[in-house]
$ cat start-v6.cif   # mmCIF, C-alpha atoms and all ligand atoms
data_final
loop_
_atom_site.label_atom_id
_atom_site.label_comp_id
_atom_site.auth_asym_id
_atom_site.auth_seq_id
_atom_site.Cartn_x
_atom_site.Cartn_y
_atom_site.Cartn_z
CA MET Y 1 0.00 0.00 0.00
CA PHE Y 2 1.18 3.53 0.76
CA ARG Y 3 4.30 3.96 -1.41
CA ASP Y 4 3.41 7.63 -1.37
CA VAL Y 5 0.43 9.73 -0.41
CA SER Y 6 -1.12 9.42 -3.88
CA SER Y 7 -1.56 5.66 -3.34
CA CYS Y 8 -3.50 6.02 -0.08
CA ASN Y 9 -6.73 7.33 -1.42
CA THR Y 10 -8.59 4.08 -1.95
CA TYR Y 11 -8.93 3.33 1.78
CA ASN Y 12 -9.02 5.58 4.78
CA TYR Y 13 -6.08 4.02 6.59
CA GLY Y 14 -5.79 7.00 8.93
CA ASP Y 15 -9.30 6.56 10.30
CA ALA Y 16 -10.04 4.55 13.47
CA LEU Y 17 -13.52 3.66 12.12
CA TYR Y 18 -11.95 2.10 9.05
CA TRP Y 19 -9.75 -0.14 11.21
CA ASP Y 20 -12.56 -1.09 13.61
CA ALA Y 21 -14.74 -2.16 10.68
CA ARG Y 22 -11.88 -4.09 9.16
CA TYR Y 23 -11.07 -5.94 12.39
CA VAL Y 24 -14.75 -6.85 12.89
CA GLN Y 25 -14.65 -8.52 9.46
CA GLU Y 26 -11.20 -10.09 9.84
CA ALA Y 27 -11.22 -11.74 13.23
CA GLY Y 28 -8.11 -13.88 12.59
CA SER Y 29 -4.57 -12.60 12.48
CA PHE Y 30 -2.59 -10.82 9.79
CA ASP Y 31 0.91 -9.38 9.62
CA TRP Y 32 1.40 -6.46 7.28
CA TYR Y 33 4.56 -6.25 5.13
CA GLN Y 34 6.81 -8.80 6.85
CA ARG Y 35 6.68 -11.56 9.45
CA TYR Y 36 8.90 -11.62 12.52
CA SER Y 37 11.07 -14.36 11.02
CA ALA Y 38 12.26 -11.93 8.32
CA LEU Y 39 12.68 -9.02 10.75
CA ARG Y 40 14.31 -11.06 13.50
CA PRO Y 41 17.93 -10.26 12.56
CA PHE Y 42 17.20 -6.54 12.84
CA VAL Y 43 15.14 -6.80 16.03
CA ARG Y 44 17.72 -9.01 17.74
CA LYS Y 45 20.55 -6.71 16.66
CA TYR Y 46 19.04 -3.60 18.19
CA ALA Y 47 16.82 -4.86 21.03
CA PRO Y 48 18.04 -7.24 23.74
CA THR Y 49 15.32 -9.62 24.94
CA SER Y 50 15.14 -7.72 28.25
CA SER Y 51 14.12 -4.49 26.45
CA ARG Y 52 10.93 -2.71 27.38
CA ILE Y 53 9.23 -2.74 23.98
CA LEU Y 54 6.36 -0.64 22.71
CA MET Y 55 4.60 -1.99 19.61
CA VAL Y 56 2.69 0.93 18.10
CA GLY Y 57 -0.37 0.08 15.99
CA CYS Y 58 -0.11 -3.65 16.74
CA GLY Y 59 -3.35 -4.56 14.92
CA ASN Y 60 -3.96 -8.32 14.95
CA ALA Y 61 -0.40 -9.19 13.96
CA VAL Y 62 1.39 -12.26 15.30
CA MET Y 63 4.71 -10.39 15.52
CA SER Y 64 4.58 -9.77 19.30
CA GLU Y 65 3.63 -13.39 20.03
CA ASP Y 66 6.56 -14.57 17.90
CA MET Y 67 8.88 -12.19 19.77
CA VAL Y 68 7.80 -13.64 23.12
CA LYS Y 69 8.47 -17.14 21.77
CA ASP Y 70 11.92 -15.82 20.87
CA GLY Y 71 12.59 -14.70 24.44
CA TYR Y 72 11.24 -11.14 24.68
CA GLU Y 73 9.97 -10.43 28.17
CA GLU Y 74 7.91 -7.26 28.03
CA ILE Y 75 5.92 -5.96 25.07
CA MET Y 76 3.30 -3.25 25.44
CA ASN Y 77 1.02 -3.27 22.39
CA ILE Y 78 -1.20 -0.34 21.53
CA ASP Y 79 -3.67 0.36 18.75
CA ILE Y 80 -6.36 2.95 18.08
CA SER Y 81 -8.85 0.18 17.27
CA SER Y 82 -10.69 -1.03 20.36
CA VAL Y 83 -11.91 -4.01 18.31
CA ALA Y 84 -8.35 -5.14 17.65
CA ILE Y 85 -7.26 -4.52 21.25
CA ASP Y 86 -10.20 -6.42 22.80
CA MET Y 87 -9.59 -9.34 20.47
CA MET Y 88 -5.84 -9.46 21.15
CA ARG Y 89 -6.22 -9.04 24.91
CA ARG Y 90 -8.55 -12.07 25.00
CA LYS Y 91 -6.33 -14.09 22.70
CA TYR Y 92 -3.20 -13.50 24.77
CA GLU Y 93 -4.55 -13.33 28.32
CA HIS Y 94 -2.42 -16.39 29.16
CA ILE Y 95 0.82 -14.69 28.03
CA PRO Y 96 1.92 -12.26 30.77
CA GLN Y 97 4.72 -10.79 28.62
CA LEU Y 98 2.09 -9.27 26.30
CA LYS Y 99 0.00 -6.27 27.34
CA TYR Y 100 -2.65 -4.57 25.17
CA MET Y 101 -4.09 -1.05 25.48
CA GLN Y 102 -6.30 1.00 23.21
CA MET Y 103 -4.45 4.25 22.52
CA ASP Y 104 -3.83 6.84 19.81
CA VAL Y 105 -0.13 7.08 18.92
CA ARG Y 106 -0.53 10.84 18.61
CA ASP Y 107 -1.23 11.11 22.33
CA MET Y 108 0.49 8.53 24.49
CA SER Y 109 0.52 10.73 27.59
CA PHE Y 110 -0.50 7.69 29.65
CA PHE Y 111 3.20 6.73 29.57
CA PRO Y 112 5.87 8.83 31.30
CA ASP Y 113 8.98 10.08 29.44
CA ASP Y 114 11.75 7.53 28.75
CA SER Y 115 9.39 4.56 29.37
CA PHE Y 116 10.72 2.31 26.60
CA ASP Y 117 13.99 0.98 25.22
CA THR Y 118 12.55 0.12 21.82
CA VAL Y 119 9.53 1.27 19.83
CA ILE Y 120 8.53 -0.91 16.87
CA ASP Y 121 6.28 0.42 14.12
CA LYS Y 122 5.23 -1.82 11.25
CA GLY Y 123 2.89 0.11 8.99
CA THR Y 124 1.44 2.54 11.53
CA LEU Y 125 3.23 5.76 10.54
CA ASP Y 126 2.33 4.70 6.99
CA SER Y 127 -1.34 4.59 8.02
CA LEU Y 128 -1.19 8.05 9.52
CA MET Y 129 0.44 9.33 6.35
CA CYS Y 130 -2.75 8.29 4.57
CA GLY Y 131 -5.06 10.16 6.91
CA THR Y 132 -6.30 13.69 7.00
CA ASP Y 133 -3.75 16.18 8.36
CA ALA Y 134 -1.05 13.59 7.67
CA PRO Y 135 1.97 15.86 8.31
CA ILE Y 136 0.55 17.02 11.65
CA SER Y 137 -0.39 13.48 12.71
CA ALA Y 138 3.06 12.18 11.75
CA SER Y 139 4.80 14.93 13.73
CA GLN Y 140 2.59 14.32 16.76
CA MET Y 141 3.30 10.59 16.63
CA LEU Y 142 7.06 10.97 16.18
CA GLY Y 143 7.21 13.58 18.94
CA GLU Y 144 5.55 11.09 21.27
CA VAL Y 145 7.84 8.25 20.17
CA SER Y 146 10.86 10.45 20.85
CA ARG Y 147 9.55 11.41 24.28
CA LEU Y 148 8.89 7.79 25.26
CA LEU Y 149 12.31 6.49 24.21
CA ARG Y 150 15.05 6.55 26.79
CA PRO Y 151 18.32 8.11 25.60
CA GLY Y 152 20.07 5.40 23.57
CA GLY Y 153 16.72 3.75 22.81
CA VAL Y 154 15.70 2.79 19.29
CA TYR Y 155 12.67 3.49 17.11
CA MET Y 156 12.44 0.79 14.44
CA LEU Y 157 10.20 1.78 11.55
CA ILE Y 158 9.19 -0.79 8.93
CA THR Y 159 7.58 1.07 6.07
CA TYR Y 160 6.88 1.36 2.38
CA GLY Y 161 8.16 4.94 2.45
CA ASP Y 162 11.55 5.55 0.85
CA PRO Y 163 13.94 8.14 2.31
CA ASN Y 164 12.59 10.80 0.00
CA VAL Y 165 9.23 10.75 1.81
CA ARG Y 166 10.25 9.59 5.32
CA MET Y 167 13.50 11.43 6.07
CA PRO Y 168 11.88 14.89 6.10
CA TYR Y 169 9.99 13.61 9.18
CA LEU Y 170 12.54 11.29 10.80
CA GLY Y 171 15.52 13.57 10.26
CA ARG Y 172 14.16 16.54 12.19
CA PRO Y 173 16.95 17.88 14.48
CA VAL Y 174 14.54 18.11 17.42
CA TYR Y 175 14.53 14.27 17.71
CA ASN Y 176 18.32 13.97 17.60
CA TRP Y 177 18.05 10.51 16.02
CA TRP Y 178 21.01 8.77 14.44
CA ILE Y 179 19.49 6.79 11.58
CA GLU Y 180 20.49 3.61 9.80
CA LEU Y 181 18.58 2.39 6.75
CA TYR Y 182 18.00 -1.15 5.49
CA VAL Y 183 16.08 -2.35 2.45
CA ILE Y 184 14.46 -5.78 2.37
CA PRO Y 185 12.48 -7.34 -0.46
CA ARG Y 186 8.82 -8.17 0.03
CA PRO Y 187 8.14 -11.80 1.03
CA GLY Y 188 8.37 -14.12 -1.97
CA PHE Y 189 10.30 -11.71 -4.18
CA GLU Y 190 12.60 -13.62 -6.49
CA GLY Y 191 15.47 -11.39 -7.52
CA SER Y 192 18.29 -11.97 -9.97
CA ALA Y 193 21.22 -14.22 -9.08
CA SER Y 194 23.27 -11.18 -8.06
CA SER Y 195 20.51 -9.82 -5.78
CA SER Y 196 20.09 -13.18 -4.06
CA MET Y 197 23.79 -13.01 -3.17
CA LYS Y 198 23.40 -9.53 -1.70
CA SER Y 199 23.04 -9.27 2.07
CA TYR Y 200 19.99 -7.37 3.20
CA LEU Y 201 21.56 -7.14 6.64
CA GLU Y 202 23.97 -4.43 5.53
CA PRO Y 203 22.81 -0.83 6.05
CA ILE Y 204 22.50 1.38 2.97
CA PRO Y 205 24.68 4.48 3.26
CA MET Y 206 22.46 7.53 2.78
CA THR Y 207 23.64 10.79 1.22
CA GLU Y 208 24.21 13.87 3.40
CA LYS Y 209 20.68 14.94 2.52
CA GLY Y 210 19.32 11.63 3.83
CA LEU Y 211 18.57 10.15 0.41
CA LEU Y 212 19.42 6.88 -1.30
CA PRO Y 213 22.75 7.04 -3.17
CA ALA Y 214 22.24 8.01 -6.84
CA ASP Y 215 23.60 4.67 -8.06
CA PHE Y 216 21.49 2.56 -5.69
CA VAL Y 217 19.18 0.17 -7.54
CA LEU Y 218 15.94 -0.94 -5.90
CA GLU Y 219 15.65 -4.43 -7.36
CA ASP Y 220 12.23 -4.98 -5.85
CA PRO Y 221 10.08 -1.90 -6.48
CA ASP Y 222 7.74 -3.12 -3.71
CA CYS Y 223 10.49 -3.57 -1.14
CA HIS Y 224 10.22 -2.45 2.47
CA PHE Y 225 12.48 0.01 4.24
CA ILE Y 226 13.65 -0.35 7.81
CA TYR Y 227 14.77 2.82 9.55
CA VAL Y 228 16.61 2.26 12.81
CA CYS Y 229 16.50 5.57 14.64
CA LYS Y 230 18.69 5.72 17.74
CA LYS Y 231 17.89 8.47 20.22
CA MET Y 232 21.17 10.17 20.92
CA ASP Y 233 22.08 11.20 24.41
CA ASP Y 234 22.50 15.00 24.38
CA VAL Y 235 25.84 14.82 26.14
CA LEU Y 236 27.37 12.62 23.43
CA THR Y 237 29.72 14.49 21.16
CA SER Y 238 30.49 11.76 18.63
CA ILE Y 239 28.43 9.15 16.80
CA PRO Y 240 28.69 5.88 18.75
CA SER Y 241 28.53 2.42 17.25
CA ILE Y 242 24.96 1.12 17.37
CA ASP Y 243 25.57 -2.60 17.97
C1 LIG G 1 -1.08 -1.31 8.42
S1 LIG G 1 -1.75 -1.78 9.98
C2 LIG G 1 -0.36 -2.60 10.71
C3 LIG G 1 -0.73 -3.52 11.82
C4 LIG G 1 0.45 -4.29 12.44
N1 LIG G 1 1.46 -3.39 12.94
C5 LIG G 1 1.07 -5.24 11.45
O1 LIG G 1 2.27 -5.12 11.18
O2 LIG G 1 0.38 -6.11 10.93
C6 LIG G 1 -1.80 -0.23 10.83
C7 LIG G 1 -2.32 -0.29 12.25
O3 LIG G 1 -2.21 1.00 12.82
C8 LIG G 1 -3.35 1.25 13.61
N2 LIG G 1 -3.51 2.72 13.71
C9 LIG G 1 -3.87 3.60 12.74
N3 LIG G 1 -3.89 4.85 13.23
C10 LIG G 1 -3.53 4.76 14.55
C11 LIG G 1 -3.37 5.71 15.59
N4 LIG G 1 -3.59 7.03 15.38
N5 LIG G 1 -3.00 5.27 16.81
C12 LIG G 1 -2.79 3.94 17.04
N6 LIG G 1 -2.92 3.00 16.09
C13 LIG G 1 -3.29 3.40 14.86
C14 LIG G 1 -4.49 0.58 12.85
O4 LIG G 1 -5.60 0.31 13.69
C15 LIG G 1 -3.78 -0.69 12.35
O5 LIG G 1 -3.92 -1.74 13.28
#
$ encode --input "start-v6.cif" --output "structure tokens" --more "lines below"
Ligand SMILES: C[S@@+](CC[C@H](N)C(=O)[O-])C[C@H]1O[C@@H](n2cnc3c(N)ncnc32)[C@H](O)[C@@H]1O
Amino acid sequence: MFRDVSSCNTYNYGDALYWDARYVQEAGSFDWYQRYSALRPFVRKYAPTSSRILMVGCGNAVMSEDMVKDGYEEIMNIDISSVAIDMMRRKYEHIPQLKYMQMDVRDMSFFPDDSFDTVIDKGTLDSLMCGTDAPISASQMLGEVSRLLRPGGVYMLITYGDPNVRMPYLGRPVYNWWIELYVIPRPGFEGSASSSMKSYLEPIPMTEKGLLPADFVLEDPDCHFIYVCKKMDDVLTSIPSID
């Protein structure tokens, strides 16, 4: 969906009513974009299993359950859809590592500052970018994410948005985020022999303006981007290694 704003118009992805209606119809589970198995190398690299994790816009995805099976101890899941949250809370009442709360990512004042080590967003900023007042909603959400991350914490954004459309938001100096970018093909994509030899675990060096290098070829036009945004401690004077 949402490669850019022009592709959002068919559905009202920014509207809570749209999501409630959708989750009433689709009572099972569904993971947008990628499953945990594909994202695991990135999640494990940046988030120890003891991390306090906030999953924003969890929907009815299995990702958090898979993370608990992989050793994660504390995942707070929020979504604007009360239908999704009620369903997930019932489904996972026997798993104490998983908590579910109905909440709007633009106002997470329920949580104090620095509450989380890691915030994971798979498709939720993308949804807001399809709503009315998208730039305001995106700024409100990212301001809240920044507030909730402890210094040194990481916001991991899995999105359809390339740097051209996401870096103007993520790169705002007020957040003081140090950003690494990865590109992974959509599930099932069969690239050329040379692309299958390429490692998707290597970050893509961005230009000074936060864009893809001019000679970078996107083999899969429907790929996903992963932005790993590390909240810098104000007192740091140099860029630390992020591993
Ligand atoms: C594309 S779905 C992704 C769901 C899930 N993260 C996944 O990967 O399958 C976007 C989710 O964001 C939620 N959402 C949209 N706007 C929101 C908001 N303002 N606050 C919280 N959640 C929101 C929707 O209800 C939906 O569950």
$ residues_near_point --input "start-v6.cif" --point "(15.4, -10.8, 26.8)" --cutoff "8 Å" --atoms "all atoms listed in the file" --output "list in words"
Pro48, Thr49, Ser50, Ser51, Gly71, Tyr72 and Glu73 of chain Y
$ atom_distance --input "start-v6.cif" --atom1 "atom CA of Y:Gly59" --atom2 "atom CA of Y:Pro187"
19.4 Å
$ residues_around --input "start-v6.cif" --residues "Y:Thr159" --least-positions-apart "2" --cutoff "12 Å" --atoms "all atoms listed in the file" --output "JSON, numbers by chain"
{"Y": [1, 2, 3, 4, 32, 33, 34, 120, 121, 122, 123, 124, 125, 126, 127, 128, 129, 156, 157, 161, 162, 163, 165, 166, 167, 181, 182, 183, 184, 185, 186, 222, 223, 224, 225, 226, 227, 228]}
$ write_last_selection --input "start-v6.cif" --atoms "C-alpha atoms" --output "PDB file, in the frame of the given file"
ATOM      1  CA  MET Y   1       0.000   0.000   0.000  1.00  0.00           C
ATOM      2  CA  PHE Y   2       1.180   3.530   0.760  1.00  0.00           C
ATOM      3  CA  ARG Y   3       4.300   3.960  -1.410  1.00  0.00           C
ATOM      4  CA  ASP Y   4       3.410   7.630  -1.370  1.00  0.00           C
ATOM      5  CA  TRP Y  32       1.400  -6.460   7.280  1.00  0.00           C
ATOM      6  CA  TYR Y  33       4.560  -6.250   5.130  1.00  0.00           C
ATOM      7  CA  GLN Y  34       6.810  -8.800   6.850  1.00  0.00           C
ATOM      8  CA  ILE Y 120       8.530  -0.910  16.870  1.00  0.00           C
ATOM      9  CA  ASP Y 121       6.280   0.420  14.120  1.00  0.00           C
ATOM     10  CA  LYS Y 122       5.230  -1.820  11.250  1.00  0.00           C
ATOM     11  CA  GLY Y 123       2.890   0.110   8.990  1.00  0.00           C
ATOM     12  CA  THR Y 124       1.440   2.540  11.530  1.00  0.00           C
ATOM     13  CA  LEU Y 125       3.230   5.760  10.540  1.00  0.00           C
ATOM     14  CA  ASP Y 126       2.330   4.700   6.990  1.00  0.00           C
ATOM     15  CA  SER Y 127      -1.340   4.590   8.020  1.00  0.00           C
ATOM     16  CA  LEU Y 128      -1.190   8.050   9.520  1.00  0.00           C
ATOM     17  CA  MET Y 129       0.440   9.330   6.350  1.00  0.00           C
ATOM     18  CA  MET Y 156      12.440   0.790  14.440  1.00  0.00           C
ATOM     19  CA  LEU Y 157      10.200   1.780  11.550  1.00  0.00           C
ATOM     20  CA  GLY Y 161       8.160   4.940   2.450  1.00  0.00           C
ATOM     21  CA  ASP Y 162      11.550   5.550   0.850  1.00  0.00           C
ATOM     22  CA  PRO Y 163      13.940   8.140   2.310  1.00  0.00           C
ATOM     23  CA  VAL Y 165       9.230  10.750   1.810  1.00  0.00           C
ATOM     24  CA  ARG Y 166      10.250   9.590   5.320  1.00  0.00           C
ATOM     25  CA  MET Y 167      13.500  11.430   6.070  1.00  0.00           C
ATOM     26  CA  LEU Y 181      18.580   2.390   6.750  1.00  0.00           C
ATOM     27  CA  TYR Y 182      18.000  -1.150   5.490  1.00  0.00           C
ATOM     28  CA  VAL Y 183      16.080  -2.350   2.450  1.00  0.00           C
ATOM     29  CA  ILE Y 184      14.460  -5.780   2.370  1.00  0.00           C
ATOM     30  CA  PRO Y 185      12.480  -7.340  -0.460  1.00  0.00           C
ATOM     31  CA  ARG Y 186       8.820  -8.170   0.030  1.00  0.00           C
ATOM     32  CA  ASP Y 222       7.740  -3.120  -3.710  1.00  0.00           C
ATOM     33  CA  CYS Y 223      10.490  -3.570  -1.140  1.00  0.00           C
ATOM     34  CA  HIS Y 224      10.220  -2.450   2.470  1.00  0.00           C
ATOM     35  CA  PHE Y 225      12.480   0.010   4.240  1.00  0.00           C
ATOM     36  CA  ILE Y 226      13.650  -0.350   7.810  1.00  0.00           C
ATOM     37  CA  TYR Y 227      14.770   2.820   9.550  1.00  0.00           C
ATOM     38  CA  VAL Y 228      16.610   2.260  12.810  1.00  0.00           C
TER      39      VAL Y 228
END
$ atom_distance --input "start-v6.cif" --atom1 "atom CA of Y:Glu190" --atom2 "atom CA of Y:Asp215"
21.4 Å
$ residues_near_ligand --input "start-v6.cif" --ligand "ligand LIG 1 (chain G)" --cutoff "9 Å" --atoms "all atoms listed in the file" --output "JSON, numbers by chain"
{"Y": [1, 13, 14, 15, 16, 17, 18, 19, 20, 22, 23, 29, 30, 31, 32, 33, 34, 35, 55, 56, 57, 58, 59, 60, 61, 62, 63, 78, 79, 80, 81, 82, 83, 84, 102, 103, 104, 105, 106, 107, 120, 121, 122, 123, 124, 125, 126, 127, 128, 131, 137, 141, 158]}
$ residues_near_point --input "start-v6.cif" --point "(3.7, -6.8, 27.2)" --cutoff "10 Å" --atoms "only C-alpha atoms" --output "PyMOL selection string"
chain Y and resi 52-55+64-65+68+72-78+92+95-101
$ atom_distance --input "start-v6.cif" --atom1 "atom CA of Y:Glu26" --atom2 "atom CA of Y:Tyr155"
28.4 Å
$ closest_residue --input "start-v6.cif" --among "Y:Gly28, Y:Asp66, Y:Leu39, Y:Val119" --to "Y:Met88" --atoms "all atoms listed in the file"
Y:Gly28
$ residues_around --input "start-v6.cif" --residues "Y:Arg150" --least-positions-apart "4" --cutoff "7 Å" --atoms "only C-alpha atoms" --output "PyMOL selection string"
chain Y and resi 114-117
$ closest_residue --input "start-v6.cif" --among "Y:Lys45, Y:His94, Y:Arg40, Y:Lys231" --to "Y:Leu142" --atoms "all atoms listed in the file"
Y:Lys231
$ closest_residue --input "start-v6.cif" --among "Y:Asp220, Y:Ala21, Y:Glu144, Y:Gly188" --to "Y:Ala38" --atoms "all atoms listed in the file"
Y:Gly188
$ closest_residue --input "start-v6.cif" --among "Y:Leu211, Y:Ile136, Y:Cys229, Y:Val43" --to "Y:Asn176" --atoms "only C-alpha atoms"
Y:Cys229
$ closest_residue --input "start-v6.cif" --among "Y:Met232, Y:Ile179, Y:Ala134, Y:Val145" --to "Y:Met108" --atoms "all atoms listed in the file"
Y:Val145
$ closest_residue --input "start-v6.cif" --among "Y:Pro203, Y:Pro173, Y:Gly153, Y:Pro213" --to "Y:Lys230" --atoms "all atoms listed in the file"
Y:Gly153
$ build_atoms --input "start-v6.cif" --residues "stretch 57-66 of chain Y" --atoms "all heavy atoms" --output "compact mmCIF listing (two decimals), keeping the file's coordinate frame"
# COMPACT_ATOMS: atom_id res chain seq x y z
N GLY Y 57 0.52 0.51 17.06
CA GLY Y 57 -0.37 0.08 15.99
C GLY Y 57 -0.21 -1.41 15.74
O GLY Y 57 0.02 -1.86 14.62
N CYS Y 58 -0.39 -2.20 16.81
CA CYS Y 58 -0.11 -3.65 16.74
C CYS Y 58 -1.10 -4.39 15.84
O CYS Y 58 -0.77 -5.43 15.28
CB CYS Y 58 -0.15 -4.24 18.14
SG CYS Y 58 -1.74 -3.96 18.99
N GLY Y 59 -2.33 -3.85 15.69
CA GLY Y 59 -3.35 -4.56 14.92
C GLY Y 59 -3.57 -5.96 15.45
O GLY Y 59 -3.53 -6.20 16.67
N ASN Y 60 -3.80 -6.92 14.53
CA ASN Y 60 -3.96 -8.32 14.95
C ASN Y 60 -2.77 -9.16 14.48
O ASN Y 60 -2.90 -10.34 14.18
CB ASN Y 60 -5.30 -8.90 14.48
CG ASN Y 60 -5.45 -8.84 12.97
OD1 ASN Y 60 -4.52 -8.40 12.27
ND2 ASN Y 60 -6.58 -9.27 12.45
N ALA Y 61 -1.60 -8.51 14.44
CA ALA Y 61 -0.40 -9.19 13.96
C ALA Y 61 0.13 -10.20 14.98
O ALA Y 61 -0.05 -10.03 16.19
CB ALA Y 61 0.69 -8.15 13.66
N VAL Y 62 0.82 -11.21 14.47
CA VAL Y 62 1.39 -12.26 15.30
C VAL Y 62 2.81 -11.89 15.77
O VAL Y 62 3.40 -12.57 16.59
CB VAL Y 62 1.43 -13.59 14.51
CG1 VAL Y 62 1.89 -14.75 15.36
CG2 VAL Y 62 0.06 -13.91 13.95
N MET Y 63 3.31 -10.78 15.25
CA MET Y 63 4.71 -10.39 15.52
C MET Y 63 5.07 -10.42 17.01
O MET Y 63 6.10 -10.98 17.40
CB MET Y 63 4.92 -8.98 14.95
CG MET Y 63 6.20 -8.33 15.37
SD MET Y 63 7.23 -7.94 13.97
CE MET Y 63 8.59 -7.12 14.77
N SER Y 64 4.23 -9.84 17.86
CA SER Y 64 4.58 -9.77 19.30
C SER Y 64 4.60 -11.16 19.92
O SER Y 64 5.47 -11.47 20.73
CB SER Y 64 3.58 -8.87 20.04
OG SER Y 64 3.67 -7.55 19.57
N GLU Y 65 3.64 -12.00 19.53
CA GLU Y 65 3.63 -13.39 20.03
C GLU Y 65 4.92 -14.09 19.63
O GLU Y 65 5.57 -14.77 20.46
CB GLU Y 65 2.42 -14.15 19.46
CG GLU Y 65 2.41 -15.61 19.83
CD GLU Y 65 1.34 -16.42 19.06
OE1 GLU Y 65 0.36 -15.83 18.58
OE2 GLU Y 65 1.52 -17.65 18.96
N ASP Y 66 5.33 -13.92 18.38
CA ASP Y 66 6.56 -14.57 17.90
C ASP Y 66 7.77 -14.04 18.66
O ASP Y 66 8.73 -14.78 18.93
CB ASP Y 66 6.74 -14.32 16.40
CG ASP Y 66 5.75 -15.13 15.57
OD1 ASP Y 66 5.18 -16.11 16.11
OD2 ASP Y 66 5.54 -14.79 14.39
